[in-house]
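These notes are about the structure you will find just below.
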Amino acid sequence: MSNTFGKIFTLTTFGESHGEAIGGVIDGMPAGVDIDMDFIQHELNRRKPGQSRITTDRKEDDKVELLSGVMDGQSTGCPIGFMVRNNNQRSADYDNMREVFRPSHADYTYYNKYGIRDHRGGGRSSARITISRCVGGALAKLVLRNMGISINAYTSQVGDIALENDYRKYDLTITETNIVRCPDPKKAEQMTKLISEVKASGDTIGGTITCVVKGCPTGLGEPEFDKLHAALGAAMLGINAVKGIEFGGGFAMAERRGSEVNDIFCMHGQRVSTRTNYSGGIQGGISNGEDIYFRIAFKPVATLLRPQPTVNIHGEETILQAKGRHDPCVLPRAVPVVEAMAAMTILDFVLMSRKCHDVSSHGL
């Protein structure tokens, strides 16, 4: 089982949903970076359960403890160990799932692969393990913001309620002003109402998250097997419930002509730029200096609070009535996870570029 992400800036994680703690070790963190604990905790608070009426009712403080790699408020360049303790497990809620495979969940595949599974909240397959990703992402963001690189994600669709694809039409600074994390207040109200209705019926619903990376330098990524968009795609597809990703114009370009979607080069002051950005900031697998933007599709949460037909470990067909505390829609709490994975990926590629080339102009 692979539990490590990244090549130079790496995150190795541990923990289960109903274990003692979630945690990890970050290696490759540049030395001398101011470690803003309030910022790191804020990023975790954006992800934690129980934060609104449209999320799970589980209550956790999700207080992060840094165990190493920091002295006098700065990174030392040594591995940063961290831990977030679980305090509000209700494992008994999952007793009736001990021998039953939840439809569309990881229960059957884990059991088939390892011959054993943690039925308590999904164990290692639980979205709770994304805590570690948010810590790693927060530390990556601390480095990137010194370079003028910002990463902002937002809920762009819930069910059939969707924003227009052009992120430039929205003020992304107001994303955090509503519980669904959507930069369109009117659409946010509609999304919130829909999620509440779905929750009341014991069902779940999916949607999309859009992510925008600004200030990324030109030249990140390799032309063959380490394409930047391939790495970002792998990072996003590694998030629980993600089923698809598109960059720039995405799938809509499949029905267009090249004359309609080619990004024409032009001069913007002393810098080469493009008149449009259908490429989503990446061409030939390498960043071109424009905004990187992509959209990720999340399927509905697999656990429904209503009866579902299924099969148990003995091969017998049965009915599952799930209990416990579950999100009716993963999107609001997944926004910071998307940002975290993007931040770690971009920083990893910056450090790989630094290893091969002089990138002192980027502030490292």
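Identifiers in the structure tokens: chain A, B, ... in order shown; residue index from 1 per chain; ligand index from 1 in order shown.
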
Practice task
Would you mind writing down, as a ChimeraX atom specification, each residue of region 89-254 of chain A that DSSP on the backbone assigns to alpha helix (DSSP H)?
Solution key: /A:107-114,130-145,185-200,228-237

Exercise for the section: Name the residues in contact with region 95-101 of chain A at a cut-off of 10 Å, using only C-alpha atoms, excluding same-chain residues fewer than 2 positions from it; report them as number ranges by chain. Expected result: A: 91-93, 103-109, 111, 117-122, 309-323

Can you pull out every residue within 10 Å of Tyr278 (chain A), counting only C-alpha atoms, but drop anything in the same chain fewer than 2 positions away, and send it as a PDB file with N, CA, C and O atoms, in the first residue's frame?
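Done, and the output landed in part15.pdb:
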ATOM      1  N   PHE A 247      -9.147  20.108 -17.765  1.00  0.00           N
ATOM      2  CA  PHE A 247      -8.335  21.323 -17.699  1.00  0.00           C
ATOM      3  C   PHE A 247      -8.800  22.310 -18.760  1.00  0.00           C
ATOM      4  O   PHE A 247      -9.142  21.924 -19.888  1.00  0.00           O
ATOM      5  N   GLY A 248      -8.804  23.585 -18.396  1.00  0.00           N
ATOM      6  CA  GLY A 248      -9.153  24.616 -19.357  1.00  0.00           C
ATOM      7  C   GLY A 248     -10.501  24.378 -19.997  1.00  0.00           C
ATOM      8  O   GLY A 248     -11.510  24.160 -19.322  1.00  0.00           O
ATOM      9  N   GLY A 249     -10.536  24.367 -21.336  1.00  0.00           N
ATOM     10  CA  GLY A 249     -11.781  24.142 -22.057  1.00  0.00           C
ATOM     11  C   GLY A 249     -12.319  22.734 -21.918  1.00  0.00           C
ATOM     12  O   GLY A 249     -13.493  22.490 -22.202  1.00  0.00           O
ATOM     13  N   GLY A 250     -11.464  21.804 -21.510  1.00  0.00           N
ATOM     14  CA  GLY A 250     -11.890  20.453 -21.168  1.00  0.00           C
ATOM     15  C   GLY A 250     -12.628  19.711 -22.259  1.00  0.00           C
ATOM     16  O   GLY A 250     -12.344  19.841 -23.454  1.00  0.00           O
ATOM     17  N   MET A 253     -14.124  21.077 -25.648  1.00  0.00           N
ATOM     18  CA  MET A 253     -13.304  21.311 -26.836  1.00  0.00           C
ATOM     19  C   MET A 253     -13.367  20.143 -27.818  1.00  0.00           C
ATOM     20  O   MET A 253     -12.937  20.274 -28.969  1.00  0.00           O
ATOM     21  N   GLU A 260     -11.089  27.617 -33.343  1.00  0.00           N
ATOM     22  CA  GLU A 260     -11.935  28.210 -32.305  1.00  0.00           C
ATOM     23  C   GLU A 260     -11.275  28.196 -30.925  1.00  0.00           C
ATOM     24  O   GLU A 260     -11.589  29.038 -30.075  1.00  0.00           O
ATOM     25  N   VAL A 261     -10.388  27.229 -30.684  1.00  0.00           N
ATOM     26  CA  VAL A 261      -9.872  27.053 -29.317  1.00  0.00           C
ATOM     27  C   VAL A 261      -8.353  27.148 -29.208  1.00  0.00           C
ATOM     28  O   VAL A 261      -7.801  26.985 -28.116  1.00  0.00           O
ATOM     29  N   ASN A 262      -7.645  27.413 -30.325  1.00  0.00           N
ATOM     30  CA  ASN A 262      -6.210  27.629 -30.207  1.00  0.00           C
ATOM     31  C   ASN A 262      -5.943  28.895 -29.395  1.00  0.00           C
ATOM     32  O   ASN A 262      -6.602  29.926 -29.623  1.00  0.00           O
ATOM     33  N   ASP A 263      -4.985  28.840 -28.473  1.00  0.00           N
ATOM     34  CA  ASP A 263      -4.612  30.011 -27.675  1.00  0.00           C
ATOM     35  C   ASP A 263      -3.546  30.801 -28.434  1.00  0.00           C
ATOM     36  O   ASP A 263      -2.375  30.393 -28.490  1.00  0.00           O
ATOM     37  N   THR A 274      -1.113  34.813 -23.812  1.00  0.00           N
ATOM     38  CA  THR A 274      -2.076  34.275 -24.778  1.00  0.00           C
ATOM     39  C   THR A 274      -3.375  35.070 -24.676  1.00  0.00           C
ATOM     40  O   THR A 274      -3.753  35.532 -23.592  1.00  0.00           O
ATOM     41  N   ARG A 275      -4.048  35.218 -25.808  1.00  0.00           N
ATOM     42  CA  ARG A 275      -5.288  35.984 -25.825  1.00  0.00           C
ATOM     43  C   ARG A 275      -6.421  35.244 -25.117  1.00  0.00           C
ATOM     44  O   ARG A 275      -7.330  35.846 -24.555  1.00  0.00           O
ATOM     45  N   THR A 276      -6.376  33.925 -25.188  1.00  0.00           N
ATOM     46  CA  THR A 276      -7.362  33.082 -24.502  1.00  0.00           C
ATOM     47  C   THR A 276      -6.608  32.049 -23.677  1.00  0.00           C
ATOM     48  O   THR A 276      -5.372  31.978 -23.736  1.00  0.00           O
ATOM     49  N   GLY A 280      -5.833  26.020 -20.231  1.00  0.00           N
ATOM     50  CA  GLY A 280      -5.829  25.937 -18.769  1.00  0.00           C
ATOM     51  C   GLY A 280      -4.464  26.148 -18.159  1.00  0.00           C
ATOM     52  O   GLY A 280      -4.155  25.622 -17.085  1.00  0.00           O
ATOM     53  N   GLY A 281      -3.615  26.932 -18.819  1.00  0.00           N
ATOM     54  CA  GLY A 281      -2.322  27.290 -18.240  1.00  0.00           C
ATOM     55  C   GLY A 281      -1.223  26.267 -18.437  1.00  0.00           C
ATOM     56  O   GLY A 281      -0.112  26.450 -17.934  1.00  0.00           O
ATOM     57  N   ILE A 282      -1.510  25.189 -19.153  1.00  0.00           N
ATOM     58  CA  ILE A 282      -0.515  24.130 -19.365  1.00  0.00           C
ATOM     59  C   ILE A 282      -0.547  23.717 -20.830  1.00  0.00           C
ATOM     60  O   ILE A 282      -1.602  23.384 -21.370  1.00  0.00           O
ATOM     61  N   GLN A 283       0.623  23.745 -21.477  1.00  0.00           N
ATOM     62  CA  GLN A 283       0.737  23.328 -22.872  1.00  0.00           C
ATOM     63  C   GLN A 283       1.924  22.384 -23.013  1.00  0.00           C
ATOM     64  O   GLN A 283       3.019  22.667 -22.514  1.00  0.00           O
ATOM     65  N   TYR A 293      -6.174  26.320 -14.478  1.00  0.00           N
ATOM     66  CA  TYR A 293      -7.485  26.056 -13.885  1.00  0.00           C
ATOM     67  C   TYR A 293      -8.043  24.728 -14.381  1.00  0.00           C
ATOM     68  O   TYR A 293      -7.782  24.308 -15.511  1.00  0.00           O
TER      69      TYR A 293
END

Neighbouring residues of region 165-174 of chain A were defined as those with any atom within 12 Å, considering only C-alpha atoms; residues of the same chain fewer than 3 positions away were excluded. Please report them as a compact mmCIF listing (two decimals) with all heavy atoms, in the first residue's frame.
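Saved the output as around12.txt:
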# COMPACT_ATOMS: atom_id res chain seq x y z
N SER A 150 -0.86 31.69 -5.72
CA SER A 150 -2.07 31.49 -4.92
C SER A 150 -2.92 30.37 -5.52
O SER A 150 -2.90 30.15 -6.73
CB SER A 150 -2.90 32.78 -4.84
OG SER A 150 -3.40 33.13 -6.13
N ILE A 151 -3.66 29.69 -4.66
CA ILE A 151 -4.51 28.58 -5.09
C ILE A 151 -5.88 28.75 -4.46
O ILE A 151 -6.00 28.83 -3.22
CB ILE A 151 -3.90 27.22 -4.69
CG1 ILE A 151 -2.53 27.05 -5.36
CG2 ILE A 151 -4.83 26.07 -5.06
CD1 ILE A 151 -1.77 25.83 -4.92
N ASN A 152 -6.90 28.82 -5.27
CA ASN A 152 -8.27 29.00 -4.79
C ASN A 152 -9.21 28.03 -5.48
O ASN A 152 -9.27 28.00 -6.71
CB ASN A 152 -8.75 30.43 -5.02
CG ASN A 152 -7.96 31.45 -4.24
OD1 ASN A 152 -7.08 32.11 -4.80
ND2 ASN A 152 -8.23 31.60 -2.96
N ALA A 153 -9.92 27.27 -4.68
CA ALA A 153 -10.93 26.34 -5.23
C ALA A 153 -12.30 26.76 -4.71
O ALA A 153 -12.42 27.45 -3.69
CB ALA A 153 -10.62 24.91 -4.81
N TYR A 154 -13.34 26.33 -5.42
CA TYR A 154 -14.70 26.66 -5.01
C TYR A 154 -15.67 25.64 -5.58
O TYR A 154 -15.38 24.96 -6.58
CB TYR A 154 -15.07 28.08 -5.47
CG TYR A 154 -15.03 28.30 -6.96
CD1 TYR A 154 -16.16 28.09 -7.76
CD2 TYR A 154 -13.87 28.72 -7.59
CE1 TYR A 154 -16.14 28.30 -9.13
CE2 TYR A 154 -13.82 28.94 -8.96
CZ TYR A 154 -14.96 28.72 -9.73
OH TYR A 154 -14.92 28.91 -11.09
N THR A 155 -16.82 25.53 -4.93
CA THR A 155 -17.88 24.66 -5.43
C THR A 155 -18.52 25.31 -6.65
O THR A 155 -19.05 26.42 -6.56
CB THR A 155 -18.94 24.41 -4.34
OG1 THR A 155 -18.32 23.77 -3.22
CG2 THR A 155 -20.06 23.53 -4.86
N SER A 156 -18.45 24.62 -7.78
CA SER A 156 -18.98 25.19 -9.02
C SER A 156 -20.25 24.50 -9.51
O SER A 156 -20.91 25.00 -10.43
CB SER A 156 -17.91 25.13 -10.12
OG SER A 156 -17.34 23.85 -10.22
N GLN A 157 -20.60 23.37 -8.89
CA GLN A 157 -21.84 22.69 -9.26
C GLN A 157 -22.25 21.74 -8.16
O GLN A 157 -21.43 21.05 -7.56
CB GLN A 157 -21.65 21.91 -10.57
CG GLN A 157 -22.91 21.19 -11.05
CD GLN A 157 -22.73 20.56 -12.41
OE1 GLN A 157 -21.75 20.82 -13.10
NE2 GLN A 157 -23.66 19.71 -12.81
N ALA A 162 -25.45 24.78 -11.45
CA ALA A 162 -24.06 24.97 -11.86
C ALA A 162 -23.74 26.43 -12.17
O ALA A 162 -24.60 27.19 -12.64
CB ALA A 162 -23.76 24.11 -13.09
N THR A 177 -17.67 32.90 2.29
CA THR A 177 -18.75 33.63 2.98
C THR A 177 -20.04 32.83 3.08
O THR A 177 -21.02 33.30 3.65
CB THR A 177 -19.03 34.97 2.28
OG1 THR A 177 -19.46 34.72 0.94
CG2 THR A 177 -17.79 35.85 2.28
N ASN A 178 -20.09 31.64 2.51
CA ASN A 178 -21.29 30.80 2.64
C ASN A 178 -20.86 29.35 2.89
O ASN A 178 -19.73 28.96 2.60
CB ASN A 178 -22.19 30.92 1.41
CG ASN A 178 -21.47 30.58 0.11
OD1 ASN A 178 -21.21 29.42 -0.19
ND2 ASN A 178 -21.13 31.62 -0.68
N ILE A 179 -21.77 28.55 3.42
CA ILE A 179 -21.41 27.22 3.89
C ILE A 179 -21.16 26.21 2.78
O ILE A 179 -20.56 25.15 3.01
CB ILE A 179 -22.48 26.66 4.86
CG1 ILE A 179 -23.85 26.59 4.19
CG2 ILE A 179 -22.52 27.49 6.12
CD1 ILE A 179 -24.93 25.99 5.08
N VAL A 180 -21.57 26.53 1.54
CA VAL A 180 -21.33 25.60 0.44
C VAL A 180 -20.04 25.94 -0.31
O VAL A 180 -19.58 25.19 -1.15
CB VAL A 180 -22.54 25.58 -0.52
CG1 VAL A 180 -22.54 26.77 -1.45
CG2 VAL A 180 -22.60 24.28 -1.31
N ARG A 181 -19.45 27.07 0.01
CA ARG A 181 -18.19 27.56 -0.58
C ARG A 181 -18.33 27.78 -2.08
O ARG A 181 -17.59 27.22 -2.89
CB ARG A 181 -17.03 26.62 -0.26
CG ARG A 181 -16.68 26.59 1.22
CD ARG A 181 -15.33 25.98 1.53
NE ARG A 181 -14.95 26.34 2.89
CZ ARG A 181 -15.19 25.58 3.96
NH1 ARG A 181 -15.79 24.40 3.83
NH2 ARG A 181 -14.83 25.98 5.16
N CYS A 182 -19.29 28.63 -2.42
CA CYS A 182 -19.55 29.00 -3.81
C CYS A 182 -19.46 30.51 -3.94
O CYS A 182 -20.06 31.24 -3.12
CB CYS A 182 -20.95 28.51 -4.22
SG CYS A 182 -21.49 29.10 -5.83
N PRO A 183 -18.73 31.04 -4.94
CA PRO A 183 -18.55 32.49 -5.06
C PRO A 183 -19.74 33.23 -5.65
O PRO A 183 -19.66 34.45 -5.86
CB PRO A 183 -17.32 32.61 -5.97
CG PRO A 183 -17.38 31.38 -6.82
CD PRO A 183 -17.92 30.30 -5.92
N ASP A 184 -20.83 32.53 -5.93
CA ASP A 184 -22.05 33.17 -6.42
C ASP A 184 -23.10 33.03 -5.31
O ASP A 184 -23.66 31.94 -5.11
CB ASP A 184 -22.52 32.48 -7.70
CG ASP A 184 -23.76 33.14 -8.31
OD1 ASP A 184 -24.64 33.58 -7.54
OD2 ASP A 184 -23.85 33.18 -9.55
N PRO A 185 -23.39 34.10 -4.56
CA PRO A 185 -24.30 34.01 -3.41
C PRO A 185 -25.68 33.44 -3.76
O PRO A 185 -26.23 32.65 -2.98
CB PRO A 185 -24.41 35.46 -2.92
CG PRO A 185 -23.12 36.10 -3.36
CD PRO A 185 -22.81 35.45 -4.69
N LYS A 187 -26.51 31.39 -6.32
CA LYS A 187 -26.37 29.96 -6.59
C LYS A 187 -26.07 29.19 -5.30
O LYS A 187 -26.52 28.06 -5.12
CB LYS A 187 -25.25 29.72 -7.60
CG LYS A 187 -25.55 30.22 -9.00
CD LYS A 187 -26.49 29.29 -9.75
CE LYS A 187 -26.60 29.69 -11.20
NZ LYS A 187 -27.49 28.81 -11.98
N ALA A 188 -25.32 29.82 -4.40
CA ALA A 188 -24.97 29.18 -3.13
C ALA A 188 -26.23 28.86 -2.33
O ALA A 188 -26.34 27.79 -1.71
CB ALA A 188 -24.03 30.07 -2.33
N THR A 208 -19.29 19.41 -8.75
CA THR A 208 -17.93 19.72 -9.20
C THR A 208 -17.30 20.81 -8.36
O THR A 208 -17.99 21.65 -7.78
CB THR A 208 -17.89 20.16 -10.68
OG1 THR A 208 -18.54 21.44 -10.80
CG2 THR A 208 -18.55 19.15 -11.58
N ILE A 209 -15.97 20.79 -8.33
CA ILE A 209 -15.17 21.84 -7.71
C ILE A 209 -14.22 22.36 -8.78
O ILE A 209 -13.61 21.58 -9.52
CB ILE A 209 -14.38 21.32 -6.50
CG1 ILE A 209 -15.34 21.07 -5.32
CG2 ILE A 209 -13.28 22.30 -6.08
CD1 ILE A 209 -14.67 20.44 -4.11
N THR A 210 -14.09 23.67 -8.87
CA THR A 210 -13.15 24.31 -9.79
C THR A 210 -11.98 24.85 -8.98
O THR A 210 -12.17 25.39 -7.89
CB THR A 210 -13.83 25.45 -10.58
OG1 THR A 210 -14.88 24.89 -11.39
CG2 THR A 210 -12.83 26.18 -11.47
N CYS A 211 -10.77 24.70 -9.51
CA CYS A 211 -9.57 25.19 -8.83
C CYS A 211 -8.78 26.09 -9.76
O CYS A 211 -8.62 25.77 -10.95
CB CYS A 211 -8.70 24.00 -8.37
SG CYS A 211 -7.26 24.48 -7.38
N VAL A 212 -8.28 27.21 -9.23
CA VAL A 212 -7.53 28.19 -10.00
C VAL A 212 -6.18 28.44 -9.33
O VAL A 212 -6.13 28.76 -8.14
CB VAL A 212 -8.29 29.52 -10.13
CG1 VAL A 212 -7.52 30.50 -10.99
CG2 VAL A 212 -9.69 29.29 -10.69
N VAL A 213 -5.11 28.28 -10.09
CA VAL A 213 -3.75 28.56 -9.60
C VAL A 213 -3.24 29.79 -10.33
O VAL A 213 -3.12 29.80 -11.56
CB VAL A 213 -2.80 27.37 -9.86
CG1 VAL A 213 -1.41 27.66 -9.30
CG2 VAL A 213 -3.37 26.08 -9.27
N LYS A 214 -2.93 30.84 -9.56
CA LYS A 214 -2.43 32.09 -10.14
C LYS A 214 -0.98 32.32 -9.74
O LYS A 214 -0.56 31.95 -8.65
CB LYS A 214 -3.28 33.27 -9.66
CG LYS A 214 -4.69 33.32 -10.25
CD LYS A 214 -5.45 34.54 -9.73
CE LYS A 214 -6.79 34.70 -10.44
NZ LYS A 214 -6.63 35.10 -11.86
N GLU A 246 -11.05 17.88 -15.75
CA GLU A 246 -10.81 18.50 -17.04
C GLU A 246 -10.06 19.81 -16.84
O GLU A 246 -10.29 20.53 -15.86
CB GLU A 246 -12.12 18.73 -17.81
CG GLU A 246 -13.10 19.66 -17.14
CD GLU A 246 -14.34 19.91 -18.00
OE1 GLU A 246 -14.46 19.29 -19.07
OE2 GLU A 246 -15.17 20.73 -17.59
N PHE A 247 -9.15 20.11 -17.77
CA PHE A 247 -8.33 21.32 -17.70
C PHE A 247 -8.80 22.31 -18.76
O PHE A 247 -9.14 21.92 -19.89
CB PHE A 247 -6.86 20.99 -17.94
CG PHE A 247 -6.21 20.26 -16.80
CD1 PHE A 247 -6.33 18.88 -16.69
CD2 PHE A 247 -5.50 20.95 -15.82
CE1 PHE A 247 -5.74 18.20 -15.64
CE2 PHE A 247 -4.91 20.27 -14.77
CZ PHE A 247 -5.02 18.89 -14.68
N GLY A 248 -8.80 23.58 -18.40
CA GLY A 248 -9.15 24.62 -19.36
C GLY A 248 -10.50 24.38 -20.00
O GLY A 248 -11.51 24.16 -19.32
N GLY A 249 -10.54 24.37 -21.34
CA GLY A 249 -11.78 24.14 -22.06
C GLY A 249 -12.32 22.73 -21.92
O GLY A 249 -13.49 22.49 -22.20
N GLY A 250 -11.46 21.80 -21.51
CA GLY A 250 -11.89 20.45 -21.17
C GLY A 250 -12.63 19.71 -22.26
O GLY A 250 -12.34 19.84 -23.45
N PHE A 251 -13.63 18.93 -21.84
CA PHE A 251 -14.37 18.07 -22.76
C PHE A 251 -15.16 18.86 -23.80
O PHE A 251 -15.46 18.35 -24.88
CB PHE A 251 -15.31 17.14 -21.98
CG PHE A 251 -14.59 16.03 -21.29
CD1 PHE A 251 -14.30 16.12 -19.94
CD2 PHE A 251 -14.20 14.89 -21.98
CE1 PHE A 251 -13.63 15.09 -19.29
CE2 PHE A 251 -13.53 13.87 -21.35
CZ PHE A 251 -13.24 13.96 -19.99
N ALA A 252 -15.50 20.10 -23.49
CA ALA A 252 -16.26 20.91 -24.45
C ALA A 252 -15.47 21.15 -25.72
O ALA A 252 -16.05 21.38 -26.79
CB ALA A 252 -16.65 22.24 -23.81
N THR A 276 -6.38 33.93 -25.19
CA THR A 276 -7.36 33.08 -24.50
C THR A 276 -6.61 32.05 -23.68
O THR A 276 -5.37 31.98 -23.74
CB THR A 276 -8.27 32.36 -25.53
OG1 THR A 276 -7.44 31.65 -26.46
CG2 THR A 276 -9.14 33.36 -26.29
N ASN A 277 -7.34 31.25 -22.92
CA ASN A 277 -6.67 30.26 -22.08
C ASN A 277 -7.44 28.94 -22.08
O ASN A 277 -7.74 28.37 -21.02
CB ASN A 277 -6.50 30.79 -20.64
CG ASN A 277 -5.58 29.91 -19.81
OD1 ASN A 277 -4.84 29.08 -20.33
ND2 ASN A 277 -5.62 30.09 -18.50
N TYR A 278 -7.77 28.46 -23.26
CA TYR A 278 -8.44 27.17 -23.37
C TYR A 278 -7.55 26.03 -22.87
O TYR A 278 -8.02 24.98 -22.48
CB TYR A 278 -8.85 26.90 -24.82
CG TYR A 278 -9.97 27.78 -25.32
CD1 TYR A 278 -9.72 28.80 -26.23
CD2 TYR A 278 -11.28 27.58 -24.89
CE1 TYR A 278 -10.75 29.62 -26.70
CE2 TYR A 278 -12.32 28.38 -25.35
CZ TYR A 278 -12.04 29.40 -26.25
OH TYR A 278 -13.07 30.19 -26.71
N GLY A 280 -5.83 26.02 -20.23
CA GLY A 280 -5.83 25.94 -18.77
C GLY A 280 -4.46 26.15 -18.16
O GLY A 280 -4.15 25.62 -17.08
N ASP A 291 -2.97 31.50 -15.94
CA ASP A 291 -3.66 30.85 -14.83
C ASP A 291 -3.87 29.37 -15.15
O ASP A 291 -4.30 29.01 -16.26
CB ASP A 291 -5.03 31.48 -14.59
CG ASP A 291 -4.94 32.89 -14.04
OD1 ASP A 291 -3.84 33.32 -13.64
OD2 ASP A 291 -5.99 33.57 -14.03
N ILE A 292 -3.57 28.52 -14.19
CA ILE A 292 -3.89 27.09 -14.33
C ILE A 292 -5.26 26.89 -13.70
O ILE A 292 -5.49 27.29 -12.56
CB ILE A 292 -2.84 26.22 -13.60
CG1 ILE A 292 -1.47 26.38 -14.27
CG2 ILE A 292 -3.27 24.76 -13.59
CD1 ILE A 292 -0.34 25.71 -13.50
N TYR A 293 -6.17 26.32 -14.48
CA TYR A 293 -7.48 26.06 -13.88
C TYR A 293 -8.04 24.73 -14.38
O TYR A 293 -7.78 24.31 -15.51
CB TYR A 293 -8.46 27.21 -14.14
CG TYR A 293 -8.96 27.37 -15.55
CD1 TYR A 293 -10.21 26.88 -15.94
CD2 TYR A 293 -8.20 28.04 -16.51
CE1 TYR A 293 -10.68 27.05 -17.24
CE2 TYR A 293 -8.65 28.21 -17.81
CZ TYR A 293 -9.90 27.72 -18.16
OH TYR A 293 -10.36 27.88 -19.45
N PHE A 294 -8.75 24.07 -13.49
CA PHE A 294 -9.31 22.76 -13.81
C PHE A 294 -10.57 22.52 -12.98
O PHE A 294 -10.80 23.20 -11.97
CB PHE A 294 -8.29 21.64 -13.57
CG PHE A 294 -7.59 21.69 -12.24
CD1 PHE A 294 -8.11 21.03 -11.13
CD2 PHE A 294 -6.39 22.38 -12.09
CE1 PHE A 294 -7.47 21.07 -9.91
CE2 PHE A 294 -5.74 22.42 -10.86
CZ PHE A 294 -6.28 21.76 -9.77
N ARG A 295 -11.36 21.57 -13.44
CA ARG A 295 -12.63 21.25 -12.77
C ARG A 295 -12.65 19.76 -12.45
O ARG A 295 -12.29 18.93 -13.28
CB ARG A 295 -13.79 21.63 -13.68
CG ARG A 295 -15.16 21.64 -13.00
CD ARG A 295 -16.16 22.46 -13.81
NE ARG A 295 -16.39 21.88 -15.11
CZ ARG A 295 -17.56 21.35 -15.50
NH1 ARG A 295 -18.59 21.31 -14.66
NH2 ARG A 295 -17.71 20.86 -16.70
N ILE A 296 -13.08 19.43 -11.22
CA ILE A 296 -13.07 18.05 -10.76
C ILE A 296 -14.50 17.60 -10.46
O ILE A 296 -15.27 18.33 -9.84
CB ILE A 296 -12.23 17.90 -9.47
CG1 ILE A 296 -10.89 18.62 -9.61
CG2 ILE A 296 -12.00 16.43 -9.15
CD1 ILE A 296 -10.80 19.85 -8.77

Practice task
Return the single residue from A:Gly19, A:Gly50, A:Gly77, A:Gly136 that is closest to Val33 (chain A), with distances computed using only C-alpha atoms.
Solution key: A:Gly77

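Going from CA of Ile149 (chain A) to CA of Cys216 (chain A) covers 5.7 Å.
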
Handout entry: Which residue of A:Ile40, A:Met71, A:Met352, A:Ile205 approaches Leu139 (chain A) most closely, using only C-alpha atoms
Key = A:Ile40

Handout entry: Distance query Gly221 (chain A) at most 12 Å, only C-alpha atoms, self and fewer than 6 positions along chain excluded, as a ChimeraX atom specification
Key = /A:227-232,281-289,345-354,356

Practice task
Identify, on the basis of only C-alpha atoms, every residue whose closest approach to Ile80 (chain A) does not exceed 9 Å; exclude the query and any residue fewer than 6 positions from it along the same chain; express the result as a list of chain:residue names.
Solution key: A:Gly24, A:Val25, A:Ile26, A:Asp27, A:Met29, A:Leu66, A:Leu67, A:Ser68, A:Gly69, A:Val70

Would you output that residue set with N, CA, C and O atoms, as a PDB file, in the first residue's frame?
ATOM      1  N   GLY A  24       1.082  12.312   9.903  1.00  0.00           N
ATOM      2  CA  GLY A  24       1.985  12.101   8.800  1.00  0.00           C
ATOM      3  C   GLY A  24       3.342  12.716   9.031  1.00  0.00           C
ATOM      4  O   GLY A  24       3.621  13.309  10.081  1.00  0.00           O
ATOM      5  N   VAL A  25       4.198  12.570   8.034  1.00  0.00           N
ATOM      6  CA  VAL A  25       5.529  13.160   8.023  1.00  0.00           C
ATOM      7  C   VAL A  25       5.727  13.848   6.685  1.00  0.00           C
ATOM      8  O   VAL A  25       5.508  13.246   5.626  1.00  0.00           O
ATOM      9  N   ILE A  26       6.111  15.115   6.736  1.00  0.00           N
ATOM     10  CA  ILE A  26       6.401  15.892   5.534  1.00  0.00           C
ATOM     11  C   ILE A  26       7.911  16.026   5.421  1.00  0.00           C
ATOM     12  O   ILE A  26       8.580  16.462   6.365  1.00  0.00           O
ATOM     13  N   ASP A  27       8.450  15.627   4.285  1.00  0.00           N
ATOM     14  CA  ASP A  27       9.881  15.766   4.033  1.00  0.00           C
ATOM     15  C   ASP A  27      10.073  16.668   2.833  1.00  0.00           C
ATOM     16  O   ASP A  27       9.198  16.766   1.964  1.00  0.00           O
ATOM     17  N   MET A  29      10.520  19.968   3.064  1.00  0.00           N
ATOM     18  CA  MET A  29      10.083  21.340   3.342  1.00  0.00           C
ATOM     19  C   MET A  29      11.308  22.248   3.382  1.00  0.00           C
ATOM     20  O   MET A  29      12.253  21.995   4.136  1.00  0.00           O
ATOM     21  N   LEU A  66       2.354  19.816  15.742  1.00  0.00           N
ATOM     22  CA  LEU A  66       3.595  19.610  15.001  1.00  0.00           C
ATOM     23  C   LEU A  66       4.625  19.026  15.962  1.00  0.00           C
ATOM     24  O   LEU A  66       4.875  19.580  17.041  1.00  0.00           O
ATOM     25  N   LEU A  67       5.233  17.917  15.575  1.00  0.00           N
ATOM     26  CA  LEU A  67       6.097  17.160  16.475  1.00  0.00           C
ATOM     27  C   LEU A  67       7.580  17.343  16.193  1.00  0.00           C
ATOM     28  O   LEU A  67       8.411  17.006  17.052  1.00  0.00           O
ATOM     29  N   SER A  68       7.933  17.860  15.031  1.00  0.00           N
ATOM     30  CA  SER A  68       9.352  17.989  14.676  1.00  0.00           C
ATOM     31  C   SER A  68       9.490  18.930  13.498  1.00  0.00           C
ATOM     32  O   SER A  68       8.512  19.348  12.886  1.00  0.00           O
ATOM     33  N   GLY A  69      10.748  19.275  13.191  1.00  0.00           N
ATOM     34  CA  GLY A  69      11.042  20.041  11.990  1.00  0.00           C
ATOM     35  C   GLY A  69      10.784  21.523  12.075  1.00  0.00           C
ATOM     36  O   GLY A  69      10.924  22.226  11.069  1.00  0.00           O
ATOM     37  N   VAL A  70      10.418  22.030  13.254  1.00  0.00           N
ATOM     38  CA  VAL A  70      10.143  23.459  13.434  1.00  0.00           C
ATOM     39  C   VAL A  70      10.851  23.946  14.694  1.00  0.00           C
ATOM     40  O   VAL A  70      10.769  23.311  15.752  1.00  0.00           O
TER      41      VAL A  70
END

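Put simply, CA of Ile195 (chain A) is 6.4 Å away from CA of Ile54 (chain A).
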
Problem - strand (DSSP E or B) residues, from DSSP on the backbone, in region 111-292 of chain A, as an MDAnalysis selection string - result: chainID A and resid 150:158 161:162 207:214 242:247 265:268 271:274 282:283 286:287 292

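CA of Cys78 (chain A) lies 15.1 Å from CA of Val143 (chain A).
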
Practice task
With a distance cut-off of 7 Å and only C-alpha atoms, select the neighbouring residues of Gly23 (chain A), excluding the residue or stretch itself and same-chain residues fewer than 4 positions from it, and output the selection as a VMD selection string.
Solution key: chain A and resid 13 to 15 82 to 84 132
